[in-house]
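As provided, input35.txt (compact mmCIF, C-alpha atoms and all ligand atoms) reads as follows.
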# COMPACT_ATOMS: atom_id res chain seq x y z
CA MET A 1 -32.15 -1.20 -9.92
CA ILE A 2 -28.76 -0.76 -11.56
CA SER A 3 -25.96 1.46 -10.33
CA LEU A 4 -22.78 2.35 -12.22
CA GLY A 5 -19.94 3.45 -9.95
CA ILE A 6 -16.65 5.15 -10.77
CA GLU A 7 -13.61 4.82 -8.49
CA GLY A 8 -10.36 6.70 -9.01
CA THR A 9 -9.21 8.21 -5.72
CA ALA A 10 -5.64 7.02 -6.27
CA TRP A 11 -4.05 4.26 -8.38
CA ASN A 12 -7.02 2.30 -9.64
CA LEU A 13 -9.37 3.76 -12.18
CA SER A 14 -12.27 1.35 -12.07
CA VAL A 15 -15.91 1.19 -13.06
CA GLY A 16 -18.36 -1.26 -11.52
CA VAL A 17 -21.97 -2.01 -12.30
CA VAL A 18 -24.19 -3.67 -9.70
CA THR A 19 -27.81 -4.51 -8.93
CA GLU A 20 -29.15 -5.01 -5.38
CA LYS A 21 -28.40 -8.71 -5.78
CA GLU A 22 -25.13 -9.00 -7.67
CA ILE A 23 -22.09 -7.45 -9.25
CA LEU A 24 -22.64 -7.36 -13.01
CA LEU A 25 -19.11 -6.31 -13.90
CA ILE A 26 -15.92 -4.61 -12.80
CA GLU A 27 -13.63 -3.09 -15.43
CA SER A 28 -10.40 -1.41 -14.35
CA ASP A 29 -7.49 0.46 -15.87
CA PRO A 30 -4.94 0.87 -13.08
CA TYR A 31 -2.17 3.48 -13.02
CA ILE A 32 1.18 1.85 -12.36
CA PRO A 33 4.01 4.35 -11.76
CA GLU A 34 7.14 3.71 -13.85
CA LYS A 35 9.32 4.43 -10.86
CA GLY A 36 8.80 5.69 -7.34
CA GLY A 37 5.38 6.01 -5.75
CA ILE A 38 2.10 7.46 -6.98
CA HIS A 39 2.37 11.01 -8.36
CA PRO A 40 -1.06 12.67 -8.01
CA ARG A 41 -0.76 14.65 -11.28
CA GLU A 42 0.52 11.69 -13.26
CA ALA A 43 -2.23 9.49 -11.87
CA ALA A 44 -4.84 12.15 -12.72
CA GLN A 45 -3.47 12.43 -16.26
CA HIS A 46 -3.70 8.65 -16.59
CA HIS A 47 -7.29 8.68 -15.32
CA SER A 48 -8.33 11.47 -17.66
CA ASP A 49 -6.74 9.72 -20.69
CA ARG A 50 -8.42 6.41 -19.86
CA ILE A 51 -11.82 7.20 -18.39
CA GLY A 52 -13.56 7.68 -21.76
CA PRO A 53 -12.38 4.37 -23.29
CA LEU A 54 -13.04 2.58 -19.99
CA ILE A 55 -16.66 3.72 -19.86
CA LYS A 56 -17.11 2.73 -23.52
CA ARG A 57 -15.78 -0.73 -22.68
CA VAL A 58 -18.22 -0.98 -19.78
CA PHE A 59 -21.19 -0.17 -22.02
CA LEU A 60 -20.03 -2.71 -24.62
CA LYS A 61 -19.84 -5.40 -21.94
CA LEU A 62 -23.26 -4.42 -20.64
CA ARG A 63 -24.68 -4.77 -24.12
CA GLU A 64 -23.53 -8.42 -24.11
CA LYS A 65 -25.89 -8.78 -21.13
CA ASN A 66 -28.68 -7.02 -23.04
CA LEU A 67 -28.36 -3.92 -20.93
CA TYR A 68 -28.13 -0.40 -22.32
CA PRO A 69 -26.97 2.93 -20.88
CA SER A 70 -30.60 3.95 -20.36
CA ASP A 71 -31.05 0.91 -18.07
CA VAL A 72 -28.65 2.38 -15.54
CA ASP A 73 -30.64 3.99 -12.71
CA VAL A 74 -27.91 5.72 -10.69
CA ILE A 75 -24.46 7.15 -11.41
CA SER A 76 -22.21 6.85 -8.34
CA PHE A 77 -18.69 8.19 -7.90
CA SER A 78 -16.11 8.34 -5.15
CA GLN A 79 -16.15 11.90 -3.92
CA GLY A 80 -13.29 11.50 -1.40
CA PRO A 81 -11.07 11.07 0.47
CA GLY A 82 -8.25 10.85 -2.04
CA MET A 83 -5.90 12.78 -4.27
CA GLY A 84 -7.55 16.03 -5.41
CA PRO A 85 -6.52 15.90 -9.09
CA CYS A 86 -7.66 12.25 -9.40
CA LEU A 87 -10.95 12.93 -7.64
CA ARG A 88 -11.71 15.81 -10.00
CA VAL A 89 -11.35 13.60 -13.08
CA VAL A 90 -13.74 11.03 -11.61
CA ALA A 91 -16.29 13.64 -10.52
CA THR A 92 -16.24 15.29 -13.95
CA ALA A 93 -16.85 11.98 -15.72
CA ALA A 94 -19.69 11.14 -13.34
CA ARG A 95 -21.37 14.52 -13.85
CA VAL A 96 -21.15 14.17 -17.63
CA LEU A 97 -22.69 10.69 -17.51
CA ALA A 98 -25.47 11.74 -15.15
CA LEU A 99 -26.39 14.77 -17.25
CA LYS A 100 -26.17 12.91 -20.54
CA LEU A 101 -28.21 9.92 -19.39
CA LYS A 102 -30.50 12.11 -17.26
CA LYS A 103 -29.90 9.96 -14.20
CA PRO A 104 -29.39 10.87 -10.54
CA LEU A 105 -25.85 11.30 -9.21
CA VAL A 106 -24.64 10.00 -5.84
CA GLY A 107 -21.29 11.06 -4.33
CA VAL A 108 -19.88 8.25 -2.19
CA ASN A 109 -17.36 8.30 0.67
CA HIS A 110 -14.55 5.94 -0.42
CA CYS A 111 -13.93 4.50 3.08
CA LEU A 112 -17.65 3.87 3.59
CA ALA A 113 -17.67 1.99 0.28
CA HIS A 114 -14.84 -0.32 1.44
CA VAL A 115 -16.90 -1.15 4.54
CA GLU A 116 -20.33 -1.47 2.92
CA VAL A 117 -19.23 -3.74 0.07
CA GLY A 118 -17.64 -6.04 2.65
CA ARG A 119 -20.78 -6.12 4.81
CA TRP A 120 -22.81 -6.89 1.69
CA VAL A 121 -20.79 -9.75 0.24
CA CYS A 122 -19.83 -11.27 3.62
CA LYS A 123 -23.37 -10.89 4.96
CA VAL A 124 -22.15 -9.49 8.26
CA LYS A 125 -24.33 -7.00 10.09
CA ASN A 126 -22.32 -5.21 12.72
CA PRO A 127 -18.59 -5.85 12.45
CA VAL A 128 -15.52 -4.06 13.67
CA THR A 129 -13.86 -3.22 10.36
CA LEU A 130 -10.09 -3.09 10.05
CA TYR A 131 -9.62 -0.87 7.02
CA VAL A 132 -6.03 -1.06 5.84
CA SER A 133 -4.97 0.47 2.56
CA GLY A 134 -2.24 2.69 1.17
CA GLY A 135 -3.55 5.98 2.48
CA ASN A 136 -5.74 4.80 5.34
CA SER A 137 -5.53 2.61 8.41
CA GLN A 138 -8.60 2.76 10.61
CA ILE A 139 -10.70 0.68 12.95
CA ILE A 140 -14.32 1.47 12.19
CA ALA A 141 -17.66 0.44 13.70
CA ARG A 142 -21.24 1.68 13.72
CA ARG A 143 -22.55 3.70 16.61
CA GLY A 144 -25.49 5.28 14.81
CA ASN A 145 -23.22 6.71 12.12
CA TYR A 146 -19.86 5.11 11.50
CA ARG A 147 -17.14 6.04 13.93
CA VAL A 148 -13.40 5.63 13.82
CA PHE A 149 -12.25 3.99 17.07
CA GLY A 150 -8.56 3.91 16.23
CA GLU A 151 -6.34 5.03 13.38
CA THR A 152 -2.84 5.78 12.26
CA LEU A 153 -1.32 8.94 13.65
CA ASP A 154 0.87 9.38 10.58
CA ILE A 155 0.96 7.27 7.40
CA GLY A 156 -1.23 4.37 6.28
CA ILE A 157 0.15 0.85 6.63
CA GLY A 158 0.17 0.38 2.83
CA ASN A 159 2.24 3.54 2.34
CA ALA A 160 4.58 2.37 5.10
CA ILE A 161 5.09 -0.98 3.37
CA ASP A 162 5.50 0.68 -0.05
CA LYS A 163 8.09 3.13 1.35
CA LEU A 164 10.18 0.39 2.88
CA ALA A 165 9.87 -1.71 -0.28
CA ARG A 166 10.99 1.18 -2.48
CA TYR A 167 13.96 1.83 -0.21
CA MET A 168 14.99 -1.79 -0.59
CA GLY A 169 14.82 -1.50 -4.39
CA LEU A 170 11.43 -3.14 -4.98
CA LYS A 171 8.89 -1.75 -7.43
CA HIS A 172 5.56 -0.21 -6.48
CA PRO A 173 3.28 -1.59 -5.08
CA GLY A 174 5.54 -3.15 -2.47
CA GLY A 175 2.89 -5.01 -0.44
CA PRO A 176 2.85 -8.31 -2.34
CA LYS A 177 6.66 -8.32 -2.68
CA ILE A 178 7.26 -7.73 1.02
CA GLU A 179 4.75 -10.47 1.78
CA GLU A 180 6.64 -12.93 -0.45
CA LEU A 181 10.04 -11.99 1.03
CA ALA A 182 8.71 -12.27 4.59
CA LYS A 183 7.62 -15.87 3.95
CA SER A 184 11.27 -16.93 3.87
CA GLY A 185 12.25 -14.70 6.77
CA SER A 186 12.87 -16.42 10.08
CA LYS A 187 14.82 -14.21 12.42
CA TYR A 188 12.87 -11.51 14.23
CA TYR A 189 14.64 -8.22 14.90
CA GLU A 190 12.96 -5.91 17.35
CA LEU A 191 11.40 -2.79 15.81
CA PRO A 192 9.40 0.10 17.35
CA TYR A 193 5.93 -1.11 18.33
CA VAL A 194 3.89 2.08 18.64
CA VAL A 195 0.34 1.82 19.96
CA LYS A 196 -1.02 4.84 21.82
CA GLY A 197 -4.42 4.08 23.30
CA MET A 198 -6.42 3.00 20.27
CA ASP A 199 -4.15 4.74 17.76
CA PHE A 200 -0.92 3.59 16.19
CA SER A 201 1.91 4.94 14.11
CA PHE A 202 4.14 3.53 11.39
CA SER A 203 6.68 6.13 10.33
CA GLY A 204 9.18 5.34 13.13
CA LEU A 205 8.84 1.69 12.23
CA VAL A 206 9.71 2.43 8.58
CA THR A 207 12.79 4.44 9.59
CA ALA A 208 13.99 1.68 11.92
CA ALA A 209 13.40 -1.03 9.31
CA LYS A 210 15.40 0.98 6.75
CA ARG A 211 18.24 1.15 9.26
CA LEU A 212 18.05 -2.58 9.77
CA TYR A 213 18.33 -3.08 6.01
CA ASP A 214 21.30 -0.65 5.81
CA SER A 215 23.09 -2.60 8.51
CA GLY A 216 23.20 -5.62 6.22
CA ILE A 217 20.40 -7.71 7.70
CA ARG A 218 18.92 -10.17 5.18
CA ILE A 219 16.06 -8.55 3.24
CA ASN A 220 13.75 -11.47 4.08
CA ASP A 221 14.31 -10.92 7.80
CA VAL A 222 13.71 -7.18 7.47
CA ALA A 223 10.42 -7.84 5.66
CA PHE A 224 9.48 -10.50 8.21
CA SER A 225 10.28 -8.32 11.24
CA PHE A 226 8.44 -5.37 9.75
CA GLN A 227 5.29 -7.37 9.01
CA GLU A 228 5.27 -9.10 12.40
CA THR A 229 5.54 -5.77 14.21
CA ALA A 230 3.08 -3.74 12.12
CA PHE A 231 0.44 -6.45 11.91
CA ALA A 232 0.66 -7.22 15.63
CA MET A 233 -0.10 -3.55 16.30
CA LEU A 234 -3.16 -3.67 14.03
CA THR A 235 -4.36 -6.95 15.53
CA GLU A 236 -3.97 -5.68 19.10
CA VAL A 237 -6.06 -2.59 18.47
CA THR A 238 -8.71 -4.54 16.55
CA GLU A 239 -9.01 -6.91 19.50
CA ARG A 240 -9.32 -4.00 21.91
CA ALA A 241 -12.14 -2.54 19.78
CA LEU A 242 -14.00 -5.88 19.87
CA ALA A 243 -13.76 -5.96 23.64
CA TYR A 244 -14.67 -2.31 24.13
CA LEU A 245 -17.65 -2.42 21.77
CA ASP A 246 -18.67 -5.92 22.85
CA LEU A 247 -18.81 -7.15 19.25
CA ASN A 248 -17.98 -10.55 17.80
CA ASP A 249 -17.24 -10.00 14.11
CA VAL A 250 -14.19 -8.63 12.37
CA LEU A 251 -14.32 -7.50 8.75
CA ILE A 252 -11.17 -6.74 6.78
CA ALA A 253 -11.16 -4.05 4.06
CA GLY A 254 -8.57 -2.31 1.88
CA GLY A 255 -5.70 -3.52 -0.29
CA VAL A 256 -3.41 -4.57 2.60
CA GLY A 257 -6.20 -6.95 3.65
CA ALA A 258 -4.91 -9.28 0.92
CA ASN A 259 -1.87 -10.07 3.06
CA SER A 260 -2.00 -13.66 4.27
CA ARG A 261 0.06 -13.08 7.42
CA LEU A 262 -2.21 -10.23 8.55
CA ARG A 263 -5.25 -12.41 7.86
CA GLU A 264 -3.70 -15.26 9.80
CA MET A 265 -3.01 -13.06 12.84
CA LEU A 266 -6.56 -11.70 12.80
CA SER A 267 -8.04 -15.18 12.41
CA ILE A 268 -6.06 -16.52 15.37
CA MET A 269 -7.08 -13.56 17.51
CA CYS A 270 -10.74 -14.05 16.54
CA GLU A 271 -10.63 -17.78 17.22
CA ASP A 272 -9.13 -17.16 20.66
CA ARG A 273 -12.03 -14.89 21.59
CA GLY A 274 -14.80 -16.86 19.91
CA ALA A 275 -15.23 -14.11 17.32
CA LYS A 276 -15.56 -14.49 13.54
CA PHE A 277 -13.27 -13.18 10.84
CA TYR A 278 -14.78 -12.10 7.49
CA SER A 279 -13.08 -11.15 4.27
CA PRO A 280 -14.51 -10.23 0.87
CA PRO A 281 -12.76 -11.75 -2.17
CA LYS A 282 -9.48 -10.07 -3.15
CA GLU A 283 -10.94 -8.15 -6.10
CA LEU A 284 -13.22 -6.33 -3.64
CA LEU A 285 -10.56 -5.64 -1.00
CA GLY A 286 -8.52 -3.10 -2.95
CA ASP A 287 -10.03 -0.09 -4.68
CA ASN A 288 -12.70 -1.06 -7.22
CA GLY A 289 -15.73 0.44 -8.97
CA ALA A 290 -18.20 -2.12 -7.62
CA MET A 291 -17.86 -0.89 -4.04
CA ILE A 292 -18.75 2.62 -5.19
CA ALA A 293 -21.64 1.38 -7.34
CA TYR A 294 -23.04 -0.72 -4.48
CA THR A 295 -22.76 2.04 -1.86
CA GLY A 296 -24.25 4.59 -4.27
CA LEU A 297 -27.21 2.29 -4.82
CA LEU A 298 -27.65 1.73 -1.08
CA MET A 299 -27.60 5.48 -0.46
CA TYR A 300 -29.93 6.26 -3.35
CA LYS A 301 -32.46 3.76 -2.05
CA HIS A 302 -32.31 5.55 1.28
CA GLY A 303 -33.06 8.95 -0.18
CA TYR A 304 -29.63 10.27 -1.07
CA GLU A 305 -28.88 12.17 -4.23
CA THR A 306 -26.04 14.58 -4.94
CA LYS A 307 -27.02 17.67 -6.88
CA ILE A 308 -24.49 18.80 -9.47
CA GLU A 309 -23.80 21.94 -7.43
CA ASP A 310 -22.99 19.78 -4.38
CA SER A 311 -20.76 17.37 -6.27
CA ALA A 312 -17.42 19.11 -5.63
CA VAL A 313 -14.73 16.67 -4.54
CA LYS A 314 -13.79 16.23 -0.87
CA PRO A 315 -10.11 15.23 -0.57
CA ASP A 316 -10.40 15.01 3.25
CA PHE A 317 -13.88 13.44 3.44
CA ARG A 318 -14.19 11.47 6.72
CA ILE A 319 -16.49 8.48 7.16
CA GLU A 320 -18.02 10.07 10.29
CA GLU A 321 -19.44 12.86 8.12
CA VAL A 322 -21.84 10.48 6.39
CA GLU A 323 -25.36 10.46 7.84
CA VAL A 324 -26.22 6.75 7.92
CA ASN A 325 -29.97 5.96 7.81
CA TRP A 326 -29.81 2.31 6.74
CA ASP A 327 -29.39 -0.89 8.78
P1 LIG A 401 -7.18 4.20 -0.06
O1 LIG A 401 -7.57 5.35 -0.95
O2 LIG A 401 -8.39 3.55 0.57
O3 LIG A 401 -6.12 4.53 0.91
P2 LIG A 401 -5.43 2.80 -1.84
O4 LIG A 401 -5.40 3.77 -2.95
O5 LIG A 401 -4.24 2.70 -1.00
O6 LIG A 401 -6.74 3.01 -1.02
P3 LIG A 401 -5.94 -0.07 -1.99
O7 LIG A 401 -6.14 -0.85 -3.24
O8 LIG A 401 -7.00 -0.17 -0.96
O9 LIG A 401 -5.70 1.39 -2.53
O10 LIG A 401 -4.56 -0.50 -1.31
C1 LIG A 401 -3.31 -0.46 -1.96
C2 LIG A 401 -2.22 -0.83 -0.96
O11 LIG A 401 -2.33 -2.23 -0.64
C3 LIG A 401 -0.80 -0.61 -1.46
O12 LIG A 401 -0.09 0.09 -0.46
C4 LIG A 401 -0.26 -2.04 -1.63
O13 LIG A 401 1.14 -2.15 -1.41
C5 LIG A 401 -1.04 -2.78 -0.56
N1 LIG A 401 -1.09 -4.22 -0.78
C6 LIG A 401 -1.60 -4.88 -1.84
N2 LIG A 401 -1.42 -6.22 -1.70
C7 LIG A 401 -0.78 -6.41 -0.51
C8 LIG A 401 -0.31 -7.54 0.21
N3 LIG A 401 -0.44 -8.76 -0.27
N4 LIG A 401 0.29 -7.32 1.41
C9 LIG A 401 0.42 -6.08 1.90
N5 LIG A 401 0.02 -4.98 1.27
C10 LIG A 401 -0.58 -5.13 0.09
FE FE2 A 402 -9.20 2.43 -0.99

File written out as structure tokens:
Amino acid sequence: MISLGIEGTAWNLSVGVVTEKEILLIESDPYIPEKGGIHPREAAQHHSDRIGPLIKRVFLKLREKNLYPSDVDVISFSQGPGMGPCLRVVATAARVLALKLKKPLVGVNHCLAHVEVGRWVCKVKNPVTLYVSGGNSQIIARRGNYRVFGETLDIGIGNAIDKLARYMGLKHPGGPKIEELAKSGSKYYELPYVVKGMDFSFSGLVTAAKRLYDSGIRINDVAFSFQETAFAMLTEVTERALAYLDLNDVLIAGGVGANSRLREMLSIMCEDRGAKFYSPPKELLGDNGAMIAYTGLLMYKHGYETKIEDSAVKPDFRIEEVEVNWD
């Protein structure tokens, strides 16, 4: 079976095509803001200008593999959570494709897709997933359905990093730049470490790090201190979830998962406890169409289909709302 998936909840407009066995292709047309952060309307305008050409490109590439639009069995799309205007563009494109090709439609939870694509490519059955992106920071595991065992009480870690980066004059997205700067940081300045039970918070940390920067501290040391503090918080809560749930595998998901210092901290923690750390390749960590295509296929095979009248977008869609009937 072949599934075509469309992702576009925020910055990355991306289409993926997968079978049960492999990813056939991923084609993306990301929105990169000229200045500042992501503007939902601007991003949606970008997505609506580019979705047609992007889908054409996907079908041309499929033809090189001797596959035609009629060979696609399922049209999947990310239904939420995400920015309303962006989600609506994606849902409209998916409905048009499904109707035109006369194929079933499957609306996919974006967070679920981050987790499922990781489980698939890393071949890990029952991990604690640390899902760290721009808009989300959650610790997720299965208990029947998926449950969130800990999460940010305010902003996502990626947004926190991007905010600090922007304040220090760096262009969006700030994650990779802060990572680079932190590598030549050496002096640690204490910053608010906020873990409340299994939850955590980053906005106080951002404010304090901005103050540090304003006081003339070297930018490398600000980046270093920020990363050490934020990532230690995430690692602590992930470890607590492993202990509480009595699990031995950690899976990383989301764009911030590309950060080598975060990965190092998680690996050390796992090694200390005799647990294993898993990461999908970088192209599958951040938002991408293949994760939507794969999860749509998985759901379709387990009896899911989204009728057109039920395909309205869900900007606040939570992973717990998904009824999980697969292993
Ligand atoms: P979601 O809708 O799931 O919240 P998203 O739209 O934020 O996803 P992702 O691609 O999952 O998209 O994550 C993007 C975030 O990842 C940005 O905040 C970016 O700064 C951050 N990021 C990317 N690379 C790195 C890195 N090397 N270190 C830290 N953060 C990074
Ligand atoms: Fe994402």

Surroundings of ligand LIG 401 (chain A) up to 9 Å, based on all atoms listed in the file, as JSON, numbers by chain: {"A": [8, 9, 10, 11, 12, 80, 81, 82, 83, 110, 111, 114, 131, 132, 133, 134, 135, 136, 137, 156, 157, 158, 159, 160, 161, 162, 163, 165, 172, 173, 174, 175, 176, 177, 178, 179, 180, 227, 253, 254, 255, 256, 257, 258, 259, 260, 261, 262, 284, 285, 286, 287, 288]}

With a cut-off of 7 Å, could you pull out the residues of stretch 98-129 of chain A touching stretch 290-297 of chain A and give me the nearest pair of atoms for each, distance in Å to one decimal, using only C-alpha atoms, ordered by chain and ascending number, as JSON lines?
{"residue": "A:Val106", "atom": "CA", "partner": "A:Gly296", "partner_atom": "CA", "distance": 5.6}
{"residue": "A:Val108", "atom": "CA", "partner": "A:Gly296", "partner_atom": "CA", "distance": 6.1}
{"residue": "A:Ala113", "atom": "CA", "partner": "A:Met291", "partner_atom": "CA", "distance": 5.2}
{"residue": "A:His114", "atom": "CA", "partner": "A:Met291", "partner_atom": "CA", "distance": 6.3}
{"residue": "A:Glu116", "atom": "CA", "partner": "A:Thr295", "partner_atom": "CA", "distance": 6.4}
{"residue": "A:Val117", "atom": "CA", "partner": "A:Met291", "partner_atom": "CA", "distance": 5.2}

Produce a file of the selected residues containing C-alpha atoms, as a PDB file, keeping the file's coordinate frame.
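Result went into result-v5.pdb, see below:
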ATOM      1  CA  VAL A 106     -24.640  10.000  -5.840  1.00  0.00           C
ATOM      2  CA  VAL A 108     -19.880   8.250  -2.190  1.00  0.00           C
ATOM      3  CA  ALA A 113     -17.670   1.990   0.280  1.00  0.00           C
ATOM      4  CA  HIS A 114     -14.840  -0.320   1.440  1.00  0.00           C
ATOM      5  CA  GLU A 116     -20.330  -1.470   2.920  1.00  0.00           C
ATOM      6  CA  VAL A 117     -19.230  -3.740   0.070  1.00  0.00           C
TER       7      VAL A 117
END

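The neighbours of stretch 243-249 of chain A here are the residues that come within 9 Å of it, using only C-alpha atoms and leaving out any residue fewer than 5 positions away in the same chain; they are Val124, Lys125, Asn126, Pro127, Val128, Thr129, Ala141, Thr238, Cys270, Arg273, Gly274, Ala275, Lys276, Phe277 and Tyr278 of chain A.
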
Taking only residues of stretch 51-105 of chain A that have an atom at most 12 Å from an atom of stretch 303-311 of chain A, what is each one's shortest atom pair and its distance in Å to one decimal, using all atoms listed in the file, in chain and number order, as a Markdown table?
| residue | atom | partner | partner_atom | distance |
| --- | --- | --- | --- | --- |
| A:Asp73 | CA | A:Glu305 | CA | 11.9 |
| A:Val74 | CA | A:Glu305 | CA | 9.2 |
| A:Ile75 | CA | A:Glu305 | CA | 9.8 |
| A:Ser76 | CA | A:Thr306 | CA | 9.3 |
| A:Phe77 | CA | A:Ser311 | CA | 9.6 |
| A:Ser78 | CA | A:Ser311 | CA | 10.2 |
| A:Gln79 | CA | A:Ser311 | CA | 7.5 |
| A:Gly80 | CA | A:Ser311 | CA | 10.7 |
| A:Leu87 | CA | A:Ser311 | CA | 10.9 |
| A:Arg88 | CA | A:Ser311 | CA | 9.9 |
| A:Val90 | CA | A:Ser311 | CA | 10.9 |
| A:Ala91 | CA | A:Ser311 | CA | 7.2 |
| A:Thr92 | CA | A:Ser311 | CA | 9.2 |
| A:Ala93 | CA | A:Ser311 | CA | 11.6 |
| A:Ala94 | CA | A:Ser311 | CA | 9.5 |
| A:Arg95 | CA | A:Ile308 | CA | 6.9 |
| A:Val96 | CA | A:Ile308 | CA | 10.0 |
| A:Leu97 | CA | A:Ile308 | CA | 11.6 |
| A:Ala98 | CA | A:Ile308 | CA | 9.1 |
| A:Leu99 | CA | A:Ile308 | CA | 9.0 |
| A:Lys102 | CA | A:Ile308 | CA | 11.9 |
| A:Lys103 | CA | A:Glu305 | CA | 10.3 |
| A:Pro104 | CA | A:Glu305 | CA | 6.5 |
| A:Leu105 | CA | A:Thr306 | CA | 5.4 |

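Residue nearest A:His302, chosen from A:Leu266, A:Trp326, A:Gly289, A:Pro315 and counting all atoms listed in the file: A:Trp326.
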
| Rounded to one decimal in Å, what is the spacing between atom CA of A:Gln138 and atom CA of A:Glu228? |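 Value for the atom CA of A:Gln138-atom CA of A:Glu228 distance: 18.3 Å.
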
What would stretch 20-49 of chain A look like if you wrote it out as a tab-separated table (two decimals), in the first residue's frame, with C-alpha atoms included, from the block I just posted?
chain	number	residue	atom	x	y	z
A	20	GLU	CA	4.66	-0.19	4.73
A	21	LYS	CA	8.33	-0.96	4.17
A	22	GLU	CA	10.01	2.26	3.13
A	23	ILE	CA	9.93	5.97	2.53
A	24	LEU	CA	9.67	6.55	-1.22
A	25	LEU	CA	10.24	10.29	-1.09
A	26	ILE	CA	10.05	13.48	0.93
A	27	GLU	CA	9.69	16.80	-0.87
A	28	SER	CA	9.53	20.02	1.14
A	29	ASP	CA	9.10	23.73	0.59
A	30	PRO	CA	9.78	25.37	3.96
A	31	TYR	CA	8.60	28.83	4.97
A	32	ILE	CA	11.49	30.90	6.28
A	33	PRO	CA	10.42	34.23	7.82
A	34	GLU	CA	12.37	37.26	6.52
A	35	LYS	CA	12.61	38.64	10.02
A	36	GLY	CA	11.19	37.76	13.41
A	37	GLY	CA	9.43	34.50	14.12
A	38	ILE	CA	6.73	32.58	12.26
A	39	HIS	CA	3.65	34.65	11.35
A	40	PRO	CA	0.69	32.26	11.01
A	41	ARG	CA	-0.92	34.22	8.14
A	42	GLU	CA	2.33	34.64	6.24
A	43	ALA	CA	3.12	30.97	6.68
A	44	ALA	CA	-0.38	30.03	5.47
A	45	GLN	CA	0.00	32.29	2.44
A	46	HIS	CA	3.33	30.61	1.68
A	47	HIS	CA	1.75	27.16	2.01
A	48	SER	CA	-1.18	28.05	-0.22
A	49	ASP	CA	1.13	29.52	-2.92
